[in-house]
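Listing of structure20.cif; format and content: mmCIF, C-alpha atoms and all ligand atoms.
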```
data_data
loop_
_atom_site.label_atom_id
_atom_site.label_comp_id
_atom_site.auth_asym_id
_atom_site.auth_seq_id
_atom_site.Cartn_x
_atom_site.Cartn_y
_atom_site.Cartn_z
CA MET A 1 -201.66 30.75 67.88
CA GLY A 2 -202.11 27.13 68.89
CA GLU A 3 -204.98 25.64 70.78
CA LEU A 4 -204.93 26.06 74.54
CA ALA A 5 -205.36 23.08 76.82
CA ASN A 6 -204.92 22.16 80.45
CA CYS A 7 -201.89 20.07 81.22
CA THR A 8 -203.03 16.59 82.27
CA ARG A 9 -200.35 16.57 84.94
CA CYS A 10 -200.28 19.97 86.63
CA ASN A 11 -203.42 21.51 85.13
CA GLU A 12 -201.52 24.58 83.86
CA LEU A 13 -202.91 26.19 80.75
CA PHE A 14 -200.54 25.68 77.84
CA VAL A 15 -200.43 25.78 74.05
CA LYS A 16 -201.27 22.30 72.94
CA THR A 17 -198.63 20.42 70.95
CA LEU A 18 -198.45 16.71 70.24
CA LYS A 19 -198.12 16.10 73.96
CA ASP A 20 -200.96 16.38 76.43
CA ILE A 21 -198.67 17.84 79.07
CA CYS A 22 -196.98 21.24 79.34
CA LYS A 23 -193.32 21.89 78.72
CA ASN A 24 -192.41 21.91 82.41
CA CYS A 25 -194.03 18.56 82.99
CA TYR A 26 -192.55 17.22 79.79
CA ASN A 27 -189.08 18.19 80.97
CA GLU A 28 -189.79 16.67 84.37
CA GLU A 29 -190.90 13.42 82.75
CA GLU A 30 -187.83 13.38 80.53
CA ASN A 31 -185.58 13.83 83.55
CA ALA A 32 -187.44 11.07 85.34
CA PHE A 33 -187.10 8.82 82.33
CA GLN A 34 -183.36 9.47 82.14
CA LYS A 35 -183.04 8.65 85.82
CA VAL A 36 -184.97 5.39 85.48
CA SER A 37 -183.20 4.32 82.32
CA ARG A 38 -179.79 5.10 83.82
CA PHE A 39 -180.70 3.04 86.88
CA LEU A 40 -181.93 0.11 84.83
CA ARG A 41 -178.93 0.14 82.54
CA LEU A 42 -176.75 -1.10 85.37
CA LYS A 43 -176.52 -4.84 85.14
CA LYS A 44 -177.34 -5.44 88.78
CA ASN A 45 -180.56 -3.46 88.42
CA ARG A 46 -181.92 -5.21 85.39
CA GLU A 47 -184.16 -7.45 87.43
CA ALA A 48 -185.41 -4.66 89.67
CA THR A 49 -189.12 -4.63 90.39
CA LEU A 50 -191.32 -1.58 89.99
CA PRO A 51 -191.34 -0.69 93.71
CA GLU A 52 -187.56 -1.06 93.83
CA VAL A 53 -187.08 1.27 90.88
CA GLU A 54 -189.55 3.67 92.43
CA GLU A 55 -187.62 3.68 95.69
CA GLU A 56 -184.16 3.96 94.16
CA THR A 57 -184.94 6.66 91.60
CA GLY A 58 -187.66 8.59 93.44
CA VAL A 59 -189.76 8.42 90.27
CA SER A 60 -193.40 7.54 90.89
CA GLY A 61 -194.58 4.06 89.95
CA GLN A 62 -197.38 5.63 87.97
CA LEU A 63 -194.91 7.45 85.76
CA ILE A 64 -192.73 4.36 85.36
CA THR A 65 -195.86 2.45 84.32
CA LYS A 66 -196.55 5.16 81.77
CA PHE A 67 -193.08 4.67 80.31
CA ILE A 68 -193.73 0.93 80.10
CA LYS A 69 -197.06 1.46 78.37
CA GLU A 70 -195.43 3.89 75.96
CA LYS A 71 -192.87 1.14 75.34
CA ARG A 72 -190.02 3.42 76.29
CA LEU A 73 -189.08 0.86 78.92
CA LEU A 74 -189.19 -2.58 77.41
CA THR A 75 -190.34 -5.30 79.75
CA SER A 76 -188.63 -7.77 77.44
CA GLN A 77 -185.40 -6.27 78.71
CA PHE A 78 -186.54 -5.66 82.27
CA PRO A 79 -188.74 -8.66 83.03
CA LYS A 80 -189.51 -7.75 86.65
CA LEU A 81 -190.94 -4.37 85.76
CA ALA A 82 -194.54 -5.43 86.08
CA TYR A 83 -197.52 -3.24 86.89
CA PRO A 84 -201.01 -4.15 88.05
CA CYS A 85 -203.74 -5.37 85.72
CA GLU A 86 -206.42 -2.68 85.47
CA LYS A 87 -209.10 -5.15 86.48
CA CYS A 88 -207.76 -7.49 89.14
CA GLY A 89 -204.41 -5.97 90.13
CA ASN A 90 -202.31 -8.99 89.18
CA ASN A 91 -198.85 -8.14 87.91
CA ILE A 92 -198.60 -7.82 84.17
CA ASN A 93 -195.99 -6.39 81.86
CA THR A 94 -197.88 -5.89 78.66
CA GLY A 95 -201.19 -4.29 77.73
CA LYS A 96 -203.75 -3.22 80.31
CA LEU A 97 -205.15 -6.56 81.47
CA CYS A 98 -203.73 -9.88 82.60
CA THR A 99 -204.40 -12.99 80.50
CA ALA A 100 -207.25 -14.12 82.78
CA CYS A 101 -209.05 -10.78 82.56
CA ALA A 102 -208.37 -10.57 78.85
CA ASP A 103 -209.90 -14.05 78.48
CA GLU A 104 -212.92 -12.96 80.43
CA LEU A 105 -213.29 -9.91 78.25
CA LEU A 106 -213.01 -12.18 75.25
CA ARG A 107 -215.97 -14.24 76.40
CA ASP A 108 -218.00 -11.08 76.81
CA LEU A 109 -217.41 -9.97 73.30
CA ASP A 110 -220.27 -10.65 70.93
CA SER A 111 -218.76 -10.09 67.56
CA GLU A 112 -216.90 -13.10 66.22
CA THR A 113 -214.45 -11.01 64.26
CA GLN A 114 -213.53 -9.15 67.40
CA VAL A 115 -212.97 -12.47 69.16
CA ALA A 116 -210.75 -13.65 66.34
CA GLU A 117 -208.77 -10.43 66.56
CA ARG A 118 -208.30 -10.83 70.30
CA VAL A 119 -207.23 -14.44 70.00
CA LYS A 120 -204.66 -13.42 67.46
CA LEU A 121 -203.33 -10.73 69.78
CA LEU A 122 -203.19 -13.12 72.72
CA LYS A 123 -201.38 -15.72 70.64
CA GLU A 124 -198.83 -13.14 69.63
CA LYS A 125 -198.39 -12.19 73.25
CA GLU A 126 -197.90 -15.83 74.25
CA ASN A 127 -195.32 -16.31 71.55
CA LYS A 128 -193.38 -13.34 72.83
CA GLN A 129 -193.48 -14.71 76.36
CA THR A 130 -192.22 -18.09 75.21
CA ILE A 131 -189.30 -16.43 73.52
CA TYR A 132 -188.47 -14.55 76.65
CA TYR A 133 -188.61 -17.59 78.90
CA SER A 134 -186.37 -19.71 76.73
CA PHE A 135 -184.01 -16.79 76.45
CA LYS A 136 -183.80 -16.52 80.22
CA LYS A 137 -183.12 -20.20 80.69
CA ASP A 138 -180.12 -20.01 78.39
CA GLN A 139 -178.38 -17.41 80.49
ZN ZN B 201 -197.84 20.56 83.41
ZN ZN B 202 -206.47 -9.21 85.67
#
```
As structure tokens - that is how I would like this structure written.
Amino acid sequence: MGELANCTRCNELFVKTLKDICKNCYNEEENAFQKVSRFLRLKKNREATLPEVEEETGVSGQLITKFIKEKRLLTSQFPKLAYPCEKCGNNINTGKLCTACADELLRDLDSETQVAERVKLLKEKENKQTIYYSFKKDQ
């Protein structure tokens, strides 16, 4: 008998697996994901924004954001699929914070090793963005 837990979506009691949601919710999320990915696969929809996808598919923006954070929807492929920074609400498409807020956080960090780690991460992020922008220009 597995461990019982409350589903983080519908609060139903269920036997905990690798997921933190119950089977019903899991199936619902899978259906939603299929819907969103089918919508985005169409060429004309590739530059759709989050609210547009939300409106067209009926899938909540929160769930779509979850898919982005889980990297099931790649913002490198769908550049307009941004979601708000957890601190200031600016549109971002990677991580939890925008560059400005991440910078601010960086200044608040005491440990130098942590700072070095963050800088490295930010640099990597910038590199990725550069690649994307040059890629777009070529089209
Ligand atoms: Zn559930
Ligand atoms: Zn921010």
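For the pair atom CA of Phe78 of chain A and atom CA of Ala48 of chain A, the separation is 7.6 Å.
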Shell of 7 Å around Leu50 of chain A, only C-alpha atoms, local chain residues under 5 positions omitted, as number ranges by chain: A: 61, 81-82
Contacts with ligand ZN 201 (chain B) at most 12 Å, all atoms listed in the file counted, listed as a count of residues only: 23
Site check for ligand ZN 202 (chain B): residues at most 9 Å away, all atoms listed in the file, as number ranges by chain: A: 84-92, 96-102
Neighbour list for Ser37 of chain A as a PDB file with C-alpha atoms, keeping the file's coordinate frame, cut-off 12 Å, all atoms listed in the file, skip fewer than 3 positions in-chain:
```
ATOM      1  CA  GLU A  29    -190.900  13.420  82.750  1.00  0.00           C
ATOM      2  CA  GLU A  30    -187.830  13.380  80.530  1.00  0.00           C
ATOM      3  CA  ASN A  31    -185.580  13.830  83.550  1.00  0.00           C
ATOM      4  CA  ALA A  32    -187.440  11.070  85.340  1.00  0.00           C
ATOM      5  CA  PHE A  33    -187.100   8.820  82.330  1.00  0.00           C
ATOM      6  CA  GLN A  34    -183.360   9.470  82.140  1.00  0.00           C
ATOM      7  CA  LEU A  40    -181.930   0.110  84.830  1.00  0.00           C
ATOM      8  CA  ARG A  41    -178.930   0.140  82.540  1.00  0.00           C
ATOM      9  CA  LEU A  42    -176.750  -1.100  85.370  1.00  0.00           C
ATOM     10  CA  LYS A  43    -176.520  -4.840  85.140  1.00  0.00           C
ATOM     11  CA  ASN A  45    -180.560  -3.460  88.420  1.00  0.00           C
ATOM     12  CA  ARG A  46    -181.920  -5.210  85.390  1.00  0.00           C
ATOM     13  CA  ALA A  48    -185.410  -4.660  89.670  1.00  0.00           C
ATOM     14  CA  VAL A  53    -187.080   1.270  90.880  1.00  0.00           C
ATOM     15  CA  GLU A  54    -189.550   3.670  92.430  1.00  0.00           C
ATOM     16  CA  GLU A  56    -184.160   3.960  94.160  1.00  0.00           C
ATOM     17  CA  THR A  57    -184.940   6.660  91.600  1.00  0.00           C
ATOM     18  CA  VAL A  59    -189.760   8.420  90.270  1.00  0.00           C
ATOM     19  CA  ILE A  64    -192.730   4.360  85.360  1.00  0.00           C
ATOM     20  CA  PHE A  67    -193.080   4.670  80.310  1.00  0.00           C
ATOM     21  CA  ILE A  68    -193.730   0.930  80.100  1.00  0.00           C
ATOM     22  CA  ARG A  72    -190.020   3.420  76.290  1.00  0.00           C
ATOM     23  CA  LEU A  73    -189.080   0.860  78.920  1.00  0.00           C
ATOM     24  CA  LEU A  74    -189.190  -2.580  77.410  1.00  0.00           C
ATOM     25  CA  GLN A  77    -185.400  -6.270  78.710  1.00  0.00           C
ATOM     26  CA  PHE A  78    -186.540  -5.660  82.270  1.00  0.00           C
TER      27      PHE A  78
END
```
Å distance separating atom CA of Gly58 of chain A from atom CA of Lys71 of chain A, one decimal place: 20.3 Å
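Here atom CA of Leu121 of chain A and atom CA of Thr65 of chain A stand 21.0 Å from one another.
If you measure from each of A:Asn127, A:Thr94, A:Thr75, A:Thr17 to Thr49 of chain A using all atoms listed in the file, the closest one turns out to be A:Thr75.
Nearest-residue note for Lys35 of chain A: choosing from A:Gly95, A:Pro79, A:Leu63, A:Glu104, the minimum distance belongs to A:Leu63, counting only C-alpha atoms.
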Incomplete segment 22-58 of chain A filled out to N, CA and C atoms as an mmCIF file, keeping the file's coordinate frame:
```cif
data_model
loop_
_atom_site.group_PDB
_atom_site.id
_atom_site.type_symbol
_atom_site.label_atom_id
_atom_site.label_comp_id
_atom_site.auth_asym_id
_atom_site.auth_seq_id
_atom_site.Cartn_x
_atom_site.Cartn_y
_atom_site.Cartn_z
ATOM 1 N N CYS A 22 -197.692 20.006 79.634
ATOM 2 C CA CYS A 22 -196.980 21.240 79.340
ATOM 3 C C CYS A 22 -195.473 21.003 79.309
ATOM 4 N N LYS A 23 -194.752 22.037 78.895
ATOM 5 C CA LYS A 23 -193.320 21.890 78.720
ATOM 6 C C LYS A 23 -192.588 21.537 80.025
ATOM 7 N N ASN A 24 -193.016 22.206 81.106
ATOM 8 C CA ASN A 24 -192.410 21.910 82.410
ATOM 9 C C ASN A 24 -192.546 20.443 82.774
ATOM 10 N N CYS A 25 -193.771 19.947 82.639
ATOM 11 C CA CYS A 25 -194.030 18.560 82.990
ATOM 12 C C CYS A 25 -193.305 17.626 82.037
ATOM 13 N N TYR A 26 -193.266 18.027 80.782
ATOM 14 C CA TYR A 26 -192.550 17.220 79.790
ATOM 15 C C TYR A 26 -191.089 17.084 80.192
ATOM 16 N N ASN A 27 -190.479 18.232 80.548
ATOM 17 C CA ASN A 27 -189.080 18.190 80.970
ATOM 18 C C ASN A 27 -188.902 17.332 82.222
ATOM 19 N N GLU A 28 -189.848 17.469 83.140
ATOM 20 C CA GLU A 28 -189.790 16.670 84.370
ATOM 21 C C GLU A 28 -189.855 15.181 84.037
ATOM 22 N N GLU A 29 -190.760 14.835 83.120
ATOM 23 C CA GLU A 29 -190.900 13.420 82.750
ATOM 24 C C GLU A 29 -189.646 12.914 82.042
ATOM 25 N N GLU A 30 -189.062 13.777 81.217
ATOM 26 C CA GLU A 30 -187.830 13.380 80.530
ATOM 27 C C GLU A 30 -186.714 13.116 81.535
ATOM 28 N N ASN A 31 -186.590 14.027 82.509
ATOM 29 C CA ASN A 31 -185.580 13.830 83.550
ATOM 30 C C ASN A 31 -185.824 12.530 84.298
ATOM 31 N N ALA A 32 -187.082 12.288 84.619
ATOM 32 C CA ALA A 32 -187.440 11.070 85.340
ATOM 33 C C ALA A 32 -187.092 9.856 84.498
ATOM 34 N N PHE A 33 -187.395 9.950 83.208
ATOM 35 C CA PHE A 33 -187.100 8.820 82.330
ATOM 36 C C PHE A 33 -185.597 8.547 82.278
ATOM 37 N N GLN A 34 -184.815 9.628 82.165
ATOM 38 C CA GLN A 34 -183.360 9.470 82.140
ATOM 39 C C GLN A 34 -182.871 8.771 83.403
ATOM 40 N N LYS A 35 -183.425 9.209 84.526
ATOM 41 C CA LYS A 35 -183.040 8.650 85.820
ATOM 42 C C LYS A 35 -183.331 7.144 85.851
ATOM 43 N N VAL A 36 -184.556 6.799 85.456
ATOM 44 C CA VAL A 36 -184.970 5.390 85.480
ATOM 45 C C VAL A 36 -184.135 4.577 84.504
ATOM 46 N N SER A 37 -183.923 5.117 83.312
ATOM 47 C CA SER A 37 -183.200 4.320 82.320
ATOM 48 C C SER A 37 -181.734 4.168 82.717
ATOM 49 N N ARG A 38 -181.174 5.208 83.343
ATOM 50 C CA ARG A 38 -179.790 5.100 83.820
ATOM 51 C C ARG A 38 -179.679 4.025 84.910
ATOM 52 N N PHE A 39 -180.681 4.029 85.790
ATOM 53 C CA PHE A 39 -180.700 3.040 86.880
ATOM 54 C C PHE A 39 -180.799 1.625 86.321
ATOM 55 N N LEU A 40 -181.695 1.453 85.354
ATOM 56 C CA LEU A 40 -181.930 0.110 84.830
ATOM 57 C C LEU A 40 -180.803 -0.373 83.924
ATOM 58 N N ARG A 41 -180.016 0.544 83.426
ATOM 59 C CA ARG A 41 -178.930 0.140 82.540
ATOM 60 C C ARG A 41 -177.841 -0.624 83.301
ATOM 61 N N LEU A 42 -177.735 -0.364 84.576
ATOM 62 C CA LEU A 42 -176.750 -1.100 85.370
ATOM 63 C C LEU A 42 -177.173 -2.562 85.451
ATOM 64 N N LYS A 43 -176.206 -3.420 85.229
ATOM 65 C CA LYS A 43 -176.520 -4.840 85.140
ATOM 66 C C LYS A 43 -177.230 -5.363 86.394
ATOM 67 N N LYS A 44 -176.756 -4.927 87.545
ATOM 68 C CA LYS A 44 -177.340 -5.440 88.780
ATOM 69 C C LYS A 44 -178.788 -4.987 88.990
ATOM 70 N N ASN A 45 -179.203 -3.976 88.252
ATOM 71 C CA ASN A 45 -180.560 -3.460 88.420
ATOM 72 C C ASN A 45 -181.544 -3.974 87.386
ATOM 73 N N ARG A 46 -181.064 -4.807 86.502
ATOM 74 C CA ARG A 46 -181.920 -5.210 85.390
ATOM 75 C C ARG A 46 -183.127 -6.025 85.818
ATOM 76 N N GLU A 47 -183.023 -6.664 86.976
ATOM 77 C CA GLU A 47 -184.160 -7.450 87.430
ATOM 78 C C GLU A 47 -184.915 -6.741 88.538
ATOM 79 N N ALA A 48 -184.723 -5.425 88.634
ATOM 80 C CA ALA A 48 -185.410 -4.660 89.670
ATOM 81 C C ALA A 48 -186.920 -4.672 89.421
ATOM 82 N N THR A 49 -187.668 -4.677 90.518
ATOM 83 C CA THR A 49 -189.120 -4.630 90.390
ATOM 84 C C THR A 49 -189.565 -3.170 90.386
ATOM 85 N N LEU A 50 -190.798 -2.942 90.044
ATOM 86 C CA LEU A 50 -191.320 -1.580 89.990
ATOM 87 C C LEU A 50 -191.146 -0.817 91.315
ATOM 88 N N PRO A 51 -191.535 -1.415 92.447
ATOM 89 C CA PRO A 51 -191.340 -0.690 93.710
ATOM 90 C C PRO A 51 -189.872 -0.388 94.007
ATOM 91 N N GLU A 52 -188.984 -1.294 93.611
ATOM 92 C CA GLU A 52 -187.560 -1.060 93.830
ATOM 93 C C GLU A 52 -187.069 0.131 93.003
ATOM 94 N N VAL A 53 -187.478 0.165 91.749
ATOM 95 C CA VAL A 53 -187.080 1.270 90.880
ATOM 96 C C VAL A 53 -187.644 2.576 91.432
ATOM 97 N N GLU A 54 -188.880 2.504 91.871
ATOM 98 C CA GLU A 54 -189.550 3.670 92.430
ATOM 99 C C GLU A 54 -188.751 4.203 93.625
ATOM 100 N N GLU A 55 -188.334 3.281 94.494
ATOM 101 C CA GLU A 55 -187.620 3.680 95.690
ATOM 102 C C GLU A 55 -186.231 4.239 95.372
ATOM 103 N N GLU A 56 -185.538 3.572 94.467
ATOM 104 C CA GLU A 56 -184.160 3.960 94.160
ATOM 105 C C GLU A 56 -184.069 5.254 93.359
ATOM 106 N N THR A 57 -185.035 5.494 92.472
ATOM 107 C CA THR A 57 -184.940 6.660 91.600
ATOM 108 C C THR A 57 -185.800 7.823 92.087
ATOM 109 N N GLY A 58 -186.759 7.543 92.968
ATOM 110 C CA GLY A 58 -187.660 8.590 93.440
ATOM 111 C C GLY A 58 -188.717 8.953 92.394
#
```
